[in-house]
Amino acid sequence: MKKLVLLILSVVVCALVTIVRAEESESKQNLLQNPEFQLRKTTGSEQGRSVLCWNIDRWGDVIGGNGEGKFRHQSTAKVAEILPGKRIWQFATLPELGLKSGDAVSLSVNGYQETSGALKARLCLMLIESDDGEWSPADFGLPDKRTFAKQGRGELIRAPQREASAQETGKEFHLQVNGLKVDPRFKHQRESDAAFRNVVGVLVEFVNDSDKRVWIDSPALVKGDQTVTEAAASRALPDLYRQIPRTMEKLTTGQPVTILTLGSSIDRGSANPRLYFYDEDPASPHYKEPLVEARPGKPDAMKQLIAERMRRPELQDYVGWSQHYFMYTGRMRRELLRKFHYPVDKILLNVMAADGSSIGESHSGFQEYAALELAPGPNENGHPTGKSWQELYPALFENGKKPGPDLVIFGHGHNEHIDRPDEIAAYEGAIRWFQRHYPGVEFVSCMWIRDKGQPNSMTGPMQQLCTHYGIPFVDLGELLIDLKTTCNQYALAPDGGHPGAASHYIWFKQLEQVFEMPDDPQPGIAQQQLPARMNDFTANWEGEMVRFAADNPRIVDGRMMILEDAAFNLWADNKREKMQLQIDGQPAQHAGHGRHSWSRPNPRNSTFVHGRLSRGDRHIIEIPNKNAQLNTVDCKVGLNRRFYGIDSKDWRGTSAVKTFESKWGAPYGKKAFQLQPGETLEIEVEADELSIAWLDDPAGGTLVAEVDGKQVWAQPTNEPFTDSQGRDHFIENRRGVLELPFGKHRIRLLAEGEPVRVLGVFGYDGR
């Protein structure tokens with residue numbers, strides 16, 4: 001009886017174990033994307049040459065097809081044919097795979113080969129490099145004499161990989177690589193340590209190590225020590241391509257494409273150290289040593305390296321410095337050329353990202369960059385010098401016009417916060433500026449935001465902005481938080497902020513997903529064109545820039561100026577000494593750091609930039625440093641602004657109009673209406689915002705403004721502006737009337753107590 005009970009219990013336990021194992025098997029997710037080898041939508045006549053979500057070295061190395069009947073259980077899914085000596089791979093970060101320290105993964109695949117041992121299935125962890133001690137570029141004859149920790153140099157490195165192969169030929173076989181453990185080992189510190197294992201992702205690779213073809217079918221990567229016979233659904237395919245339908249239409253029909261990439265030093269790879277070409281051969285005695293100066297004075301040195309070492313001669317005239325090869329958008333261009341079988345002269349990557357640049361500073365350069373007004377140059381736009389845009393990209397100029405941007409990428413490591421807490425307005429203003437000038441232009445946000453979760457992080461506002469406009473938002477911030485659990489954060493960014501080349505690869509892999517479009521895509525979703533503004537200060541950034549040089553009478557004493565409207569960008573020189581900025585007599589908050597002295601304007605960098613000011617009101621900027629000089633000021637002029645000077649025939653009043661002497665460059669004209677107490681002055685203006693201007697005077701009265709029969713404000717006109725030296729100025733002034741419905745509005749002005757000198761009214765159409 002006892003034996004019978006034990007037997008029954010054993011059967012029950014075995015049955016339970018079987019059920020649990022079955023449930024485990026059913027719940028296993030295939031961590032690969034597109035294990036069915038669906039094809040990417042391309043314009044090429046050669047079918048099957050571009051496989052969705054997989055990477056290859058050259059167009060045509062792998063062909064997606066039906067396997068020619070080589071697999072017994074071949075369904076409608078495709079298999080991949082790997083040509084002799086070629087490979088196909090898929091990399092993903094640990095957070096994307098849902099893996100953490102202590103987890104294990106296993107790989108399986110069905111194969112067919114004509115040569116014994118031809119197919120190699122490889123599985124390995126990918127690490128960011130770390131070694132003991134420090135190094136300096138000067139040690140290798142390069143001009144940079146700074147010293148850096150020996151970590152984060154160059155590309156990702158492979159941990160010892162696991163490999164499987166088979167001897168069978170002429171029939172289907174099955175390969176497994178089991179139990180690869182995720183085993184990071186590190187501390188968060190600036191010092192490098194050879195004992196660290198900075199684990200960031202997993203690489204799955206299939207290689208044809210023969211001179212004949214091989215085929216693979218149904219690859220599966222699962223969490224656990226063992227592969228499973230039937231893996232559940234694979235990771236979801238990206239669908240962000242739907243949000244850039246115009247760009248994808250061009251890429252999939254072979255049309256030339258122009259991409260403008262914005263950002264700062266983080267975006268263009270001006271890392272500390274810079275992104276060098278390193279010796280990446282682990283067997284070399286010069287492993288991880290720089291091969292050439294990152295910014296060589298002789299362009300031929302860079303061209304030779306690209307042609308010979310990188311074996312990309314077609315890129316010689318399209319990569320200015322090594323950083324433009326390794327930065328995440330440079331990698332993106334190279335991958336787009338592969339994915340869509342493009343010649344390099346049909347994808348223009350215009351690099352507006354610059355060291356130290358913020359989005360507000362960039363506004364001064366939008367026109368120059370979008371219209372290709374700057375000649376090709378490495379520092380200016382990432383191209384070597386010597387050839388014109390027409391010579392480099394003839395297909396873009398076939399219609400006789402300069403091409404505008406098709407796609408604008410927001411990067412921005414966002415070191416230089418401006419206009420807090422409304423800094424998002426400068427981004428929204430940029431979107432709307434481009435939409436007004438280049439209808440149909442599309443955007444992608446892929447920002448290296450390393451402070452997600454902090455009070456001033458841009459992650460939340462940028463995600464809201466992207467949702468508002470229907471723009472793809474790639475959340476790097478969350479990925480960086482998760483990677484810190486398996487990797488020293490200073491290996492990702494050796495100086496604490498600037499990502500190294502390996503990190504730029506991780507960054508690129510996130511951006512890459514925006515362009516993964518299947519052969520049978522879902523309908524595109526057009527981005528919103530000029531919807532209602534999300535932020536109250538956005539309109540300040542939407543208008544056109546007007547430039548004022550140092551000799552312009554609008555710049556007073558070389559250090560002060562009345563602004564045009566409510567946003568500006570300025571360049572000043574203080575012999576490299578740090579400067580301060582005052583706005584309306586008060587220290588400016590969040591207008592930049594004031595470290596940079598400039599002798600002339602730069603389209604991507606400035607001394608100060610600001611735009612969080614009330615519209616319609618007078619604003620005065622001043623640099624109080626006595627030895628400083630304003631060289632140039634760019635002022636945004638509000639949308640569709642029109643000035644009705646007091647000598648306009650549309651005014652109705654009886655007092656005299658007199659000329660006055662302006663000491664501030666006459667920003668509102670040189671004539672004033674002498675409005676007497678008890679008298680009225682009227683005009684009708686079509687607008688949705690108004691700004692009424694007058695001349696302050698020690699003996700001036702109170703100006704009362706009525707709009708459409710209602711008093712909107714009463715303003716004393718006998719109050720001076722006091723500058724940083726304590727001097728009082730009775731000068732031009734104005735005040736806004738906002739939030740009006742667009743249409744004609746009747747303005748009625750009165751003077752109380754004493755006369756008031758009225759200068760005119762501005763009307764705006766901000767629709």
# chains A, B, ... in the order shown; residues from 1 in each chain; ligands from 1
>>> residues_around(residues="Leu630 (chain A)", least_positions_apart="3", cutoff="12 Å", atoms="only C-alpha atoms", output="MDAnalysis selection string")
chainID A and resid 548:552 554:561 569:574 579 581 597:601 606:608 621:627 633:634
>>> write_last_selection(atoms="N, CA, C and O atoms", output="compact mmCIF listing (two decimals), in the first residue's frame")
# COMPACT_ATOMS: atom_id res chain seq x y z
N PHE A 548 21.65 92.90 -35.66
CA PHE A 548 22.16 94.24 -35.38
C PHE A 548 23.65 94.14 -35.08
O PHE A 548 24.07 93.44 -34.15
N ALA A 549 24.45 94.82 -35.89
CA ALA A 549 25.90 94.81 -35.71
C ALA A 549 26.31 95.84 -34.67
O ALA A 549 25.51 96.69 -34.25
N ALA A 550 27.58 95.78 -34.26
CA ALA A 550 28.07 96.64 -33.17
C ALA A 550 27.92 98.12 -33.48
O ALA A 550 27.74 98.94 -32.57
N ASP A 551 28.01 98.50 -34.75
CA ASP A 551 27.93 99.92 -35.10
C ASP A 551 26.50 100.40 -35.33
O ASP A 551 26.27 101.55 -35.69
N ASN A 552 25.53 99.54 -35.09
CA ASN A 552 24.14 99.95 -35.26
C ASN A 552 23.73 100.89 -34.13
O ASN A 552 24.05 100.64 -32.96
N ARG A 554 21.15 101.11 -32.60
CA ARG A 554 20.31 100.45 -31.60
C ARG A 554 21.15 99.94 -30.42
O ARG A 554 20.59 99.67 -29.35
N ILE A 555 22.45 99.74 -30.62
CA ILE A 555 23.32 99.29 -29.53
C ILE A 555 23.93 100.52 -28.87
O ILE A 555 24.67 101.28 -29.49
N VAL A 556 23.62 100.72 -27.60
CA VAL A 556 23.96 101.94 -26.87
C VAL A 556 25.16 101.68 -25.96
O VAL A 556 25.19 100.68 -25.23
N ASP A 557 26.11 102.59 -25.99
CA ASP A 557 27.32 102.49 -25.16
C ASP A 557 28.05 101.17 -25.37
O ASP A 557 28.84 100.75 -24.51
N GLY A 558 27.78 100.49 -26.46
CA GLY A 558 28.45 99.22 -26.75
C GLY A 558 27.99 98.06 -25.91
O GLY A 558 28.46 96.93 -26.09
N ARG A 559 26.99 98.30 -24.99
CA ARG A 559 26.63 97.23 -24.04
C ARG A 559 25.13 97.09 -23.81
O ARG A 559 24.70 96.21 -23.09
N MET A 560 24.30 97.98 -24.38
CA MET A 560 22.87 97.96 -24.09
C MET A 560 22.07 98.02 -25.39
O MET A 560 22.53 98.54 -26.40
N MET A 561 20.83 97.53 -25.30
CA MET A 561 19.98 97.55 -26.49
C MET A 561 18.53 97.32 -26.09
O MET A 561 18.24 96.52 -25.18
N ASN A 569 19.55 86.42 -29.30
CA ASN A 569 20.81 85.68 -29.23
C ASN A 569 21.91 86.72 -29.42
O ASN A 569 21.84 87.51 -30.37
N LEU A 570 22.91 86.76 -28.54
CA LEU A 570 23.90 87.84 -28.66
C LEU A 570 25.32 87.30 -28.54
O LEU A 570 25.58 86.28 -27.90
N TRP A 571 26.21 88.03 -29.19
CA TRP A 571 27.64 87.74 -29.15
C TRP A 571 28.37 88.96 -28.59
O TRP A 571 28.15 90.08 -29.05
N ALA A 572 29.20 88.73 -27.58
CA ALA A 572 29.91 89.83 -26.93
C ALA A 572 31.35 89.41 -26.66
O ALA A 572 31.67 88.21 -26.59
N ASP A 573 32.20 90.40 -26.49
CA ASP A 573 33.62 90.14 -26.25
C ASP A 573 34.03 90.82 -24.95
O ASP A 573 33.80 92.01 -24.76
N ASN A 574 34.62 90.04 -24.06
CA ASN A 574 35.14 90.58 -22.82
C ASN A 574 36.55 90.04 -22.56
O ASN A 574 36.93 89.76 -21.44
N MET A 579 31.14 86.90 -18.48
CA MET A 579 30.24 88.06 -18.50
C MET A 579 28.92 87.75 -17.81
O MET A 579 28.54 86.59 -17.65
N LEU A 581 24.68 89.12 -17.65
CA LEU A 581 23.65 89.72 -18.49
C LEU A 581 22.52 90.21 -17.60
O LEU A 581 22.09 89.51 -16.67
N SER A 597 33.57 84.55 -25.34
CA SER A 597 33.77 85.84 -26.01
C SER A 597 33.83 85.60 -27.51
O SER A 597 34.48 84.66 -27.97
N TRP A 598 33.15 86.46 -28.25
CA TRP A 598 33.09 86.31 -29.70
C TRP A 598 33.41 87.65 -30.37
O TRP A 598 32.89 88.69 -29.97
N SER A 599 34.25 87.59 -31.40
CA SER A 599 34.54 88.79 -32.19
C SER A 599 33.58 88.93 -33.37
O SER A 599 33.49 89.99 -33.98
N ARG A 600 32.87 87.84 -33.68
CA ARG A 600 31.87 87.87 -34.75
C ARG A 600 30.82 86.80 -34.46
O ARG A 600 31.07 85.88 -33.69
N PRO A 601 29.66 86.90 -35.07
CA PRO A 601 28.60 85.93 -34.76
C PRO A 601 28.93 84.53 -35.26
O PRO A 601 29.60 84.35 -36.28
N SER A 606 26.77 81.21 -28.96
CA SER A 606 26.70 82.63 -28.63
C SER A 606 27.14 82.85 -27.19
O SER A 606 27.50 81.91 -26.48
N THR A 607 27.10 84.09 -26.76
CA THR A 607 27.44 84.43 -25.38
C THR A 607 26.23 84.28 -24.48
O THR A 607 26.31 83.70 -23.40
N PHE A 608 25.09 84.81 -24.92
CA PHE A 608 23.85 84.67 -24.18
C PHE A 608 22.70 84.47 -25.16
O PHE A 608 22.72 84.97 -26.29
N ILE A 621 18.33 94.74 -22.87
CA ILE A 621 19.43 93.89 -22.45
C ILE A 621 20.66 94.76 -22.18
O ILE A 621 20.87 95.78 -22.82
N GLU A 622 21.46 94.31 -21.20
CA GLU A 622 22.68 95.04 -20.86
C GLU A 622 23.71 94.07 -20.31
O GLU A 622 23.39 93.22 -19.48
N ILE A 623 24.93 94.20 -20.79
CA ILE A 623 26.05 93.48 -20.21
C ILE A 623 26.76 94.46 -19.28
O ILE A 623 27.36 95.44 -19.74
N PRO A 624 26.69 94.26 -17.96
CA PRO A 624 27.22 95.26 -17.03
C PRO A 624 28.74 95.29 -16.94
O PRO A 624 29.29 96.26 -16.41
N ASN A 625 29.42 94.25 -17.43
CA ASN A 625 30.89 94.25 -17.39
C ASN A 625 31.43 95.45 -18.17
O ASN A 625 31.18 95.59 -19.36
N LYS A 626 32.22 96.29 -17.53
CA LYS A 626 32.60 97.58 -18.13
C LYS A 626 33.45 97.43 -19.38
O LYS A 626 33.41 98.28 -20.27
N ASN A 627 34.25 96.38 -19.47
CA ASN A 627 35.11 96.21 -20.64
C ASN A 627 34.48 95.38 -21.75
O ASN A 627 35.11 95.14 -22.78
N VAL A 633 23.80 91.34 -32.16
CA VAL A 633 22.59 90.88 -31.47
C VAL A 633 21.60 90.42 -32.53
O VAL A 633 21.27 91.16 -33.46
N ASP A 634 21.14 89.18 -32.40
CA ASP A 634 20.05 88.66 -33.23
C ASP A 634 18.76 88.76 -32.43
O ASP A 634 18.68 88.21 -31.32
>>> residues_around(residues="Val758 (chain A)", least_positions_apart="6", cutoff="8 Å", atoms="only C-alpha atoms", output="list in words")
Ile646, Ala672, Phe673, Gln674, Leu675, Ala693, Trp694 and Leu695 of chain A
>>> residues_around(residues="Asp520 (chain A)", least_positions_apart="5", cutoff="9 Å", atoms="only C-alpha atoms", output="short mmCIF file (atom, residue, chain, number, x, y, z; two decimals) with C-alpha atoms, in the first residue's frame")
data_model
loop_
_atom_site.label_atom_id
_atom_site.label_comp_id
_atom_site.auth_asym_id
_atom_site.auth_seq_id
_atom_site.Cartn_x
_atom_site.Cartn_y
_atom_site.Cartn_z
CA LEU A 39 11.85 41.86 -45.63
CA ARG A 40 12.31 45.60 -45.40
CA LYS A 41 10.48 47.80 -47.87
#
>>> atom_distance(atom1="CA of Gly320 (chain A)", atom2="CA of Leu372 (chain A)")
16.4 Å
>>> residues_around(residues="Gly726 (chain A)", least_positions_apart="5", cutoff="12 Å", atoms="only C-alpha atoms", output="MDAnalysis selection string")
chainID A and resid 585 624 720:721
>>> closest_residue(among="A:Ala687, A:Met534, A:Ala501, A:Val444", to="Ile128 (chain A)", atoms="only C-alpha atoms")
A:Ala501
>>> residues_around(residues="Pro95 (chain A)", least_positions_apart="4", cutoff="10 Å", atoms="only C-alpha atoms", output="MDAnalysis selection string")
chainID A and resid 99:100 200:201 478:483 485:486
>>> write_last_selection(atoms="N, CA, C and O atoms", output="PDB file, in the first residue's frame")
ATOM      1  N   LEU A  99      16.686  41.842 -19.580  1.00  0.00           N
ATOM      2  CA  LEU A  99      17.662  41.047 -18.848  1.00  0.00           C
ATOM      3  C   LEU A  99      18.354  41.881 -17.781  1.00  0.00           C
ATOM      4  O   LEU A  99      18.550  43.078 -17.954  1.00  0.00           O
ATOM      5  N   LYS A 100      18.731  41.214 -16.711  1.00  0.00           N
ATOM      6  CA  LYS A 100      19.450  41.874 -15.624  1.00  0.00           C
ATOM      7  C   LYS A 100      20.582  40.971 -15.160  1.00  0.00           C
ATOM      8  O   LYS A 100      20.727  39.823 -15.616  1.00  0.00           O
ATOM      9  N   VAL A 200      26.549  45.687 -21.514  1.00  0.00           N
ATOM     10  CA  VAL A 200      25.473  46.557 -22.002  1.00  0.00           C
ATOM     11  C   VAL A 200      24.478  45.840 -22.900  1.00  0.00           C
ATOM     12  O   VAL A 200      23.362  46.315 -23.084  1.00  0.00           O
ATOM     13  N   GLY A 201      24.856  44.699 -23.497  1.00  0.00           N
ATOM     14  CA  GLY A 201      23.922  44.076 -24.416  1.00  0.00           C
ATOM     15  C   GLY A 201      24.325  42.673 -24.815  1.00  0.00           C
ATOM     16  O   GLY A 201      25.316  42.113 -24.320  1.00  0.00           O
ATOM     17  N   GLU A 478      15.517  56.705 -20.251  1.00  0.00           N
ATOM     18  CA  GLU A 478      15.174  55.490 -19.515  1.00  0.00           C
ATOM     19  C   GLU A 478      16.222  54.406 -19.742  1.00  0.00           C
ATOM     20  O   GLU A 478      16.599  53.679 -18.820  1.00  0.00           O
ATOM     21  N   LEU A 479      16.712  54.301 -20.962  1.00  0.00           N
ATOM     22  CA  LEU A 479      17.742  53.310 -21.264  1.00  0.00           C
ATOM     23  C   LEU A 479      19.003  53.575 -20.452  1.00  0.00           C
ATOM     24  O   LEU A 479      19.622  52.639 -19.917  1.00  0.00           O
ATOM     25  N   LEU A 480      19.413  54.840 -20.339  1.00  0.00           N
ATOM     26  CA  LEU A 480      20.625  55.164 -19.594  1.00  0.00           C
ATOM     27  C   LEU A 480      20.474  54.841 -18.112  1.00  0.00           C
ATOM     28  O   LEU A 480      21.424  54.388 -17.460  1.00  0.00           O
ATOM     29  N   ILE A 481      19.295  55.063 -17.573  1.00  0.00           N
ATOM     30  CA  ILE A 481      19.048  54.699 -16.173  1.00  0.00           C
ATOM     31  C   ILE A 481      19.208  53.201 -15.988  1.00  0.00           C
ATOM     32  O   ILE A 481      19.873  52.723 -15.059  1.00  0.00           O
ATOM     33  N   ASP A 482      18.617  52.422 -16.891  1.00  0.00           N
ATOM     34  CA  ASP A 482      18.658  50.964 -16.765  1.00  0.00           C
ATOM     35  C   ASP A 482      20.066  50.410 -16.977  1.00  0.00           C
ATOM     36  O   ASP A 482      20.468  49.443 -16.316  1.00  0.00           O
ATOM     37  N   LEU A 483      20.830  51.013 -17.888  1.00  0.00           N
ATOM     38  CA  LEU A 483      22.179  50.514 -18.156  1.00  0.00           C
ATOM     39  C   LEU A 483      23.109  50.698 -16.963  1.00  0.00           C
ATOM     40  O   LEU A 483      24.109  49.983 -16.833  1.00  0.00           O
ATOM     41  N   THR A 485      22.681  49.735 -14.141  1.00  0.00           N
ATOM     42  CA  THR A 485      22.624  48.560 -13.269  1.00  0.00           C
ATOM     43  C   THR A 485      23.609  47.479 -13.703  1.00  0.00           C
ATOM     44  O   THR A 485      23.863  46.537 -12.947  1.00  0.00           O
ATOM     45  N   THR A 486      24.178  47.592 -14.909  1.00  0.00           N
ATOM     46  CA  THR A 486      25.117  46.576 -15.388  1.00  0.00           C
ATOM     47  C   THR A 486      26.405  47.181 -15.949  1.00  0.00           C
ATOM     48  O   THR A 486      27.237  46.453 -16.487  1.00  0.00           O
TER      49      THR A 486
END
>>> residues_around(residues="His188 (chain A)", least_positions_apart="3", cutoff="8 Å", atoms="only C-alpha atoms", output="ChimeraX atom specification")
/A:487-490
>>> atom_distance(atom1="CA of Glu114 (chain A)", atom2="CA of Glu81 (chain A)")
12.1 Å
>>> closest_residue(among="A:Asn30, A:Gly141, A:Ala159, A:His286", to="Val228 (chain A)", atoms="only C-alpha atoms")
A:Asn30
